[in-house]
Each structure stands twice: as structure tokens, then as C-alpha cells.
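To be precise, the following lines are query09.cif, and they hold mmCIF, C-alpha atoms.
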```
data_target
#
loop_
_atom_site.label_atom_id
_atom_site.label_comp_id
_atom_site.auth_asym_id
_atom_site.auth_seq_id
_atom_site.Cartn_x
_atom_site.Cartn_y
_atom_site.Cartn_z
CA MET A 17 -18.76 1.77 9.05
CA ILE A 18 -16.57 0.32 6.30
CA ARG A 19 -17.95 0.33 2.77
CA LEU A 20 -16.86 0.36 -0.85
CA ALA A 21 -16.14 3.83 -2.16
CA GLU A 22 -18.53 5.39 -4.66
CA ALA A 23 -18.06 8.09 -7.29
CA LYS A 24 -19.51 10.69 -4.90
CA ASP A 25 -16.58 9.97 -2.52
CA VAL A 26 -13.86 11.00 -5.00
CA PRO A 27 -13.51 14.63 -3.76
CA ARG A 28 -13.00 13.45 -0.16
CA ILE A 29 -10.62 10.68 -1.29
CA VAL A 30 -8.58 13.33 -3.13
CA GLU A 31 -8.63 15.56 -0.05
CA MET A 32 -7.36 12.75 2.19
CA GLY A 33 -4.70 11.89 -0.38
CA SER A 34 -3.52 15.50 -0.44
CA ILE A 35 -3.40 15.66 3.35
CA SER A 36 -1.36 12.46 3.42
CA LEU A 37 1.12 13.72 0.84
CA ARG A 38 1.44 17.23 2.28
CA ASP A 39 1.53 16.44 5.99
CA GLY A 40 2.51 12.80 6.35
CA ALA A 41 5.51 10.57 5.78
CA TYR A 42 5.56 11.37 2.05
CA LYS A 43 5.97 15.13 2.60
CA ASN A 44 8.70 16.44 0.27
CA VAL A 45 9.03 12.94 -1.23
CA ILE A 46 5.96 12.59 -3.47
CA ALA A 47 4.37 15.65 -5.07
CA ASP A 48 0.71 16.31 -4.36
CA SER A 49 -1.26 16.42 -7.60
CA PRO A 50 -5.00 16.42 -6.81
CA GLU A 51 -5.91 16.05 -10.50
CA VAL A 52 -3.81 12.89 -10.80
CA THR A 53 -5.20 11.53 -7.53
CA ALA A 54 -8.76 12.17 -8.74
CA GLU A 55 -8.09 10.30 -11.99
CA LEU A 56 -6.52 7.42 -10.08
CA ALA A 57 -9.50 7.22 -7.70
CA LYS A 58 -11.97 7.25 -10.61
CA ARG A 59 -10.03 4.49 -12.41
CA LEU A 60 -9.82 2.35 -9.27
CA LEU A 61 -13.57 2.64 -8.71
CA PHE A 62 -14.29 0.98 -12.03
CA MET A 63 -11.39 -1.45 -12.40
CA GLU A 64 -12.24 -5.11 -12.04
CA ASN A 65 -9.06 -5.80 -10.05
CA ALA A 66 -9.13 -2.81 -7.65
CA ARG A 67 -11.10 -1.58 -4.69
CA ILE A 68 -11.23 1.46 -2.43
CA LEU A 69 -12.65 0.79 1.02
CA VAL A 70 -13.64 3.84 3.06
CA LEU A 71 -14.12 4.41 6.76
CA GLU A 72 -17.27 6.43 7.40
CA ILE A 73 -17.91 7.80 10.89
CA ASP A 74 -21.02 9.86 11.61
CA GLY A 75 -21.63 10.36 7.88
CA ALA A 76 -18.12 11.64 7.09
CA LEU A 77 -15.25 9.77 5.41
CA GLN A 78 -12.36 9.55 7.86
CA GLY A 79 -10.12 6.99 6.17
CA LEU A 80 -9.51 4.84 3.13
CA PHE A 81 -7.72 1.71 1.97
CA ALA A 82 -7.10 1.33 -1.77
CA PHE A 83 -5.57 -1.77 -3.34
CA LEU A 84 -5.00 -3.64 -6.59
CA LEU A 85 -4.79 -7.31 -7.47
CA ILE A 86 -1.80 -7.90 -9.75
CA PRO A 87 0.45 -10.74 -10.82
CA HIS A 88 3.75 -10.48 -8.97
CA TYR A 89 6.33 -9.29 -11.47
CA TYR A 90 8.73 -12.16 -10.66
CA SER A 91 6.61 -15.14 -9.62
CA GLY A 92 3.39 -14.38 -11.49
CA GLU A 93 1.45 -15.23 -8.31
CA LYS A 94 -1.60 -13.05 -7.77
CA CYS A 95 -0.96 -10.47 -5.06
CA GLY A 96 -3.03 -7.84 -3.37
CA VAL A 97 -1.02 -4.61 -3.31
CA GLU A 98 -1.87 -1.63 -1.12
CA ILE A 99 -1.94 1.68 -2.97
CA MET A 100 -2.97 3.91 -0.09
CA TRP A 101 -3.95 3.42 3.53
CA TYR A 102 -4.95 6.61 5.29
CA VAL A 103 -6.81 7.47 8.48
CA GLN A 104 -7.48 11.01 9.71
CA PRO A 105 -5.09 11.71 12.62
CA GLU A 106 -7.84 12.05 15.21
CA PHE A 107 -8.99 8.48 14.45
CA ARG A 108 -5.58 6.77 14.60
CA ALA A 109 -3.75 5.64 17.75
CA TYR A 110 -6.08 2.93 18.99
CA GLY A 111 -9.09 5.22 18.96
CA THR A 112 -12.30 4.84 17.02
CA GLY A 113 -10.62 4.46 13.64
CA TRP A 114 -7.77 2.08 14.46
CA PRO A 115 -9.84 -1.10 14.84
CA ASP A 116 -11.80 -0.05 11.74
CA SER A 117 -8.52 0.58 9.95
CA LEU A 118 -7.45 -3.00 10.63
CA LYS A 119 -10.89 -4.17 9.57
CA ARG A 120 -10.33 -2.42 6.23
CA LEU A 121 -7.04 -4.28 5.82
CA TRP A 122 -8.72 -7.57 6.68
CA ALA A 123 -11.58 -6.84 4.29
CA ALA A 124 -9.06 -6.04 1.55
CA GLU A 125 -7.16 -9.27 2.27
CA LYS A 126 -10.42 -11.25 2.14
CA MET A 127 -11.43 -9.66 -1.19
CA ALA A 128 -7.97 -10.29 -2.65
CA ALA A 129 -8.05 -13.93 -1.51
CA GLU A 130 -11.50 -14.38 -3.07
CA TRP A 131 -9.99 -13.10 -6.35
CA GLY A 132 -7.26 -15.73 -6.08
CA ALA A 133 -4.46 -13.72 -4.46
CA LEU A 134 -1.89 -15.74 -2.57
CA LYS A 135 -0.14 -12.80 -0.91
CA PHE A 136 -0.89 -9.25 0.24
CA GLN A 137 1.72 -6.49 0.26
CA LEU A 138 1.82 -3.29 2.31
CA THR A 139 4.03 -0.23 1.92
CA ALA A 140 5.69 1.23 5.02
CA PRO A 141 6.90 4.83 4.54
CA THR A 142 8.51 5.09 8.00
CA ASP A 143 10.36 2.82 10.42
CA ALA A 144 7.49 3.14 12.90
CA ILE A 145 4.95 1.91 10.34
CA CYS A 146 7.36 -0.84 9.31
CA GLU A 147 7.50 -1.98 12.95
CA MET A 148 3.71 -1.82 13.21
CA TYR A 149 3.29 -4.00 10.11
CA GLY A 150 5.85 -6.41 11.53
CA ARG A 151 3.55 -6.91 14.52
CA LEU A 152 0.61 -7.86 12.30
CA ARG A 153 0.25 -11.63 12.24
CA GLY A 154 1.71 -13.18 9.11
CA TYR A 155 3.42 -10.08 7.70
CA SER A 156 7.18 -10.07 7.22
CA LYS A 157 9.54 -7.49 5.80
CA VAL A 158 10.37 -8.29 2.18
CA GLU A 159 12.43 -5.34 1.00
CA THR A 160 13.13 -1.66 1.51
CA SER A 161 12.93 0.82 -1.33
CA PHE A 162 14.81 4.06 -1.84
CA GLN A 163 14.02 7.06 -4.01
CA ARG A 164 16.22 9.85 -5.30
CA ASP A 165 15.29 13.04 -7.14
CA ILE A 166 17.20 12.92 -10.44
CA SER A 167 15.37 15.77 -12.16
CA ARG A 168 18.27 18.21 -11.71
CA ARG A 169 21.17 15.84 -12.22
CA GLY A 170 21.51 16.20 -15.99
CA SER A 171 23.56 13.37 -17.46
CA GLN A 172 25.49 12.49 -14.29
CA THR A 173 25.64 8.81 -13.52
CA CYS A 174 24.64 7.35 -10.21
CA GLN A 175 27.43 7.10 -7.70
CA SER A 176 27.53 5.47 -4.33
CA SER A 177 28.42 7.49 -1.26
CA ALA A 178 31.70 5.53 -1.18
CA ASP A 179 32.77 6.94 -4.58
#
```
Would you write out, as C-alpha cells, the structure that this file holds?
Amino acid sequence: MIRLAEAKDVPRIVEMGSISLRDGAYKNVIADSPEVTAELAKRLLFMENARILVLEIDGALQGLFAFLLIPHYYSGEKCGVEIMWYVQPEFRAYGTGWPDSLKRLWAAEKMAAEWGALKFQLTAPTDAICEMYGRLRGYSKVETSFQRDISRRGSQTCQSSAD
């Protein structure tokens, strides 16, 4: 069953977020901070322009899809923007959770469109997920982002690998 998240779901949302950051594509890329994730989840629950949809199977939360509605920073057009899409591993690969996972995306798109969004954006942390999104009808690759840890670089300037 897909439903809107409630305050009572925050501990499980935080747990799934931690699993995703520790064990998934973001491992060693984004630090796991359960306190920050809990605050984010609580804020999203009560924001007018955000939703968290959860996948509940046999009374237990097995996945989530969180998104915001924002004006695009260049065009000003309203866009739905995925914050997190997570499904427990045992419910992925075309099993019980995969159709429900797509249903959560479609529900998020529908909500965003009802709020006036013209576009919906997804984040792909791996090439495999990028390919999967490319197979979803209507989605096209817009850009690729890169991240670099600069916390230990002091005052060095950025250099390309060609320098």
C-alpha cells in the first residue's frame, strides 16, 4: 500500500535513509547523519510544497519517495524534485516493491502536476539507475553532477586533471 508518511513514520524513514547512505550508491559520498535526516523528514511532513510517500507491506514500511515542488532556478517553472527514492533490497528487482515503487513515482508526479508543476526531476546516483530512468517514458537525461571533497584542501584552487 502507498500512503502519505505520518509523524510516527519518521524513525523508519531515518532508518531507511541511513541504510541508503551507508550501503547504497552514496556510500563514502554523503555522510550519514540520522539527526539531520530526522529533521528533514519532520520538515517535509509539514511543508506545503513537499510530500513523503511510503510503501507499506504487511504493516511495515519498505520504501519511500520524498519530493519537493520548487521553481526551477533558471526558468522559474514549477518542478517536482525528488529528494529520496528508496526501496528495501528484497522488494526491488521487479518483485513486490518495484511496481509499487513506480506507483509512488507516478503518485508524486500527479501531486506535483496538481500543484502546477510542469516538470519532474529525478536524481540518478549510478549509471545503472541513469539507464533505468532513461527507459521511463518521457524522462531524458538533463545533466550529470560531480562532487569533490574539499575539506582537506586548504586554500588550493581547483585544477583540472590536465593541469
Name the closest residue to Val30 in chain A among the candidates A:Ala82, A:Val52, A:Ala66, A:Met148; distances are taken between atoms, counting all atoms listed in the file.
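Selected residue with least distance to Val30 in chain A: A:Val52.
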By how many Å are CA of Glu106 in chain A and CA of Glu55 in chain A apart?
27.3 Å
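Taking only C-alpha atoms, the non-local environment of Arg19 in chain A within 12 Å (same-chain residues fewer than 6 positions away omitted) comprises Asp25, Arg67, Ile68, Leu69, Val70, Leu71, Glu72, Ile73, Gly75, Leu77, Gln78, Gly79, Leu80, Phe81, Ala82, Asp116, Ser117, Lys119, Arg120, Ala123 and Ala124 of chain A.
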Å distance separating CA of Glu125 in chain A from CA of Asn65 in chain A, one decimal place
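Going from CA of Glu125 in chain A over to CA of Asn65 in chain A covers 12.9 Å.
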Take the PyMOL selection byres ((chain A and resi 156) around 12), run it mentally on this structure, and tell me the resulting residues as a list in words.
Lys135, Phe136, Gln137, Leu138, Thr139, Ala140, Cys146, Glu147, Met148, Tyr149, Gly150, Arg151, Leu152, Arg153, Gly154, Tyr155, Lys157, Val158, Glu159 and Thr160 of chain A
Keeping only C-alpha atoms, write the selected residues to a file as a PDB file, in the coordinates of the input.
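After the write, out.pdb holds the following:
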```
ATOM      1  CA  LYS A 135      -0.140 -12.800  -0.910  1.00  0.00           C
ATOM      2  CA  PHE A 136      -0.890  -9.250   0.240  1.00  0.00           C
ATOM      3  CA  GLN A 137       1.720  -6.490   0.260  1.00  0.00           C
ATOM      4  CA  LEU A 138       1.820  -3.290   2.310  1.00  0.00           C
ATOM      5  CA  THR A 139       4.030  -0.230   1.920  1.00  0.00           C
ATOM      6  CA  ALA A 140       5.690   1.230   5.020  1.00  0.00           C
ATOM      7  CA  CYS A 146       7.360  -0.840   9.310  1.00  0.00           C
ATOM      8  CA  GLU A 147       7.500  -1.980  12.950  1.00  0.00           C
ATOM      9  CA  MET A 148       3.710  -1.820  13.210  1.00  0.00           C
ATOM     10  CA  TYR A 149       3.290  -4.000  10.110  1.00  0.00           C
ATOM     11  CA  GLY A 150       5.850  -6.410  11.530  1.00  0.00           C
ATOM     12  CA  ARG A 151       3.550  -6.910  14.520  1.00  0.00           C
ATOM     13  CA  LEU A 152       0.610  -7.860  12.300  1.00  0.00           C
ATOM     14  CA  ARG A 153       0.250 -11.630  12.240  1.00  0.00           C
ATOM     15  CA  GLY A 154       1.710 -13.180   9.110  1.00  0.00           C
ATOM     16  CA  TYR A 155       3.420 -10.080   7.700  1.00  0.00           C
ATOM     17  CA  LYS A 157       9.540  -7.490   5.800  1.00  0.00           C
ATOM     18  CA  VAL A 158      10.370  -8.290   2.180  1.00  0.00           C
ATOM     19  CA  GLU A 159      12.430  -5.340   1.000  1.00  0.00           C
ATOM     20  CA  THR A 160      13.130  -1.660   1.510  1.00  0.00           C
TER      21      THR A 160
END
```
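Residues matched by the PyMOL selection byres ((chain A and resi 51) around 12) in this file: A:Val26, A:Pro27, A:Ile29, A:Val30, A:Glu31, A:Gly33, A:Ser34, A:Ala47, A:Asp48, A:Ser49, A:Pro50, A:Val52, A:Thr53, A:Ala54, A:Glu55, A:Leu56, A:Ala57, A:Lys58.
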Counting all atoms listed in the file, which of A:Ile35, A:Met17, A:Leu61, A:Leu84 gets nearest to Gln104 in chain A?
A:Ile35
If I put a ball of radius 7 Å at (-3.6, -11.7, -9.1) in the file's coordinates, which residues poke into it when counting only C-alpha atoms, written as a list of chain:residue names?
A:Leu85, A:Ile86, A:Pro87, A:Glu93, A:Lys94, A:Cys95, A:Gly96, A:Gly132, A:Ala133
Ranking A:Leu118, A:Ile145, A:Val97, A:Leu60 by minimum distance to Glu22 in chain A and counting all atoms listed in the file, which one comes first?
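Going through A:Leu118, A:Ile145, A:Val97, A:Leu60 one by one, the smallest distance to Glu22 in chain A is for A:Leu60.
The interatomic distance for the pair CA of Tyr102 in chain A and CA of Leu37 in chain A works out to 10.4 Å.
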So, counting all atoms listed in the file, which residue among A:Ile46, A:Leu20, A:Val103, A:Ile166 is closest to Phe83 in chain A?
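So, comparing all the options, the nearest one is A:Leu20.
For the residues A:Met127, A:Val45, A:Ala21, A:Met32, ranking by smallest atom-to-atom distance to Arg164 in chain A using all atoms listed in the file places A:Val45 first.
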Using all atoms listed in the file, which of the listed residues (A:Ala129, A:Ile18, A:Ser161, A:Gly92) sits closest to Pro141 in chain A?
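Among the listed residues, the smallest separation from Pro141 in chain A belongs to A:Ser161.
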Axis-aligned box for range 92-105 of chain A, 5 Å per side, centre and edges in Å as AutoDock Vina command-line options:
```
--center_x -2.0 --center_y -1.8 --center_z 0.6 --size_x 20.9 --size_y 36.9 --size_z 34.1
```
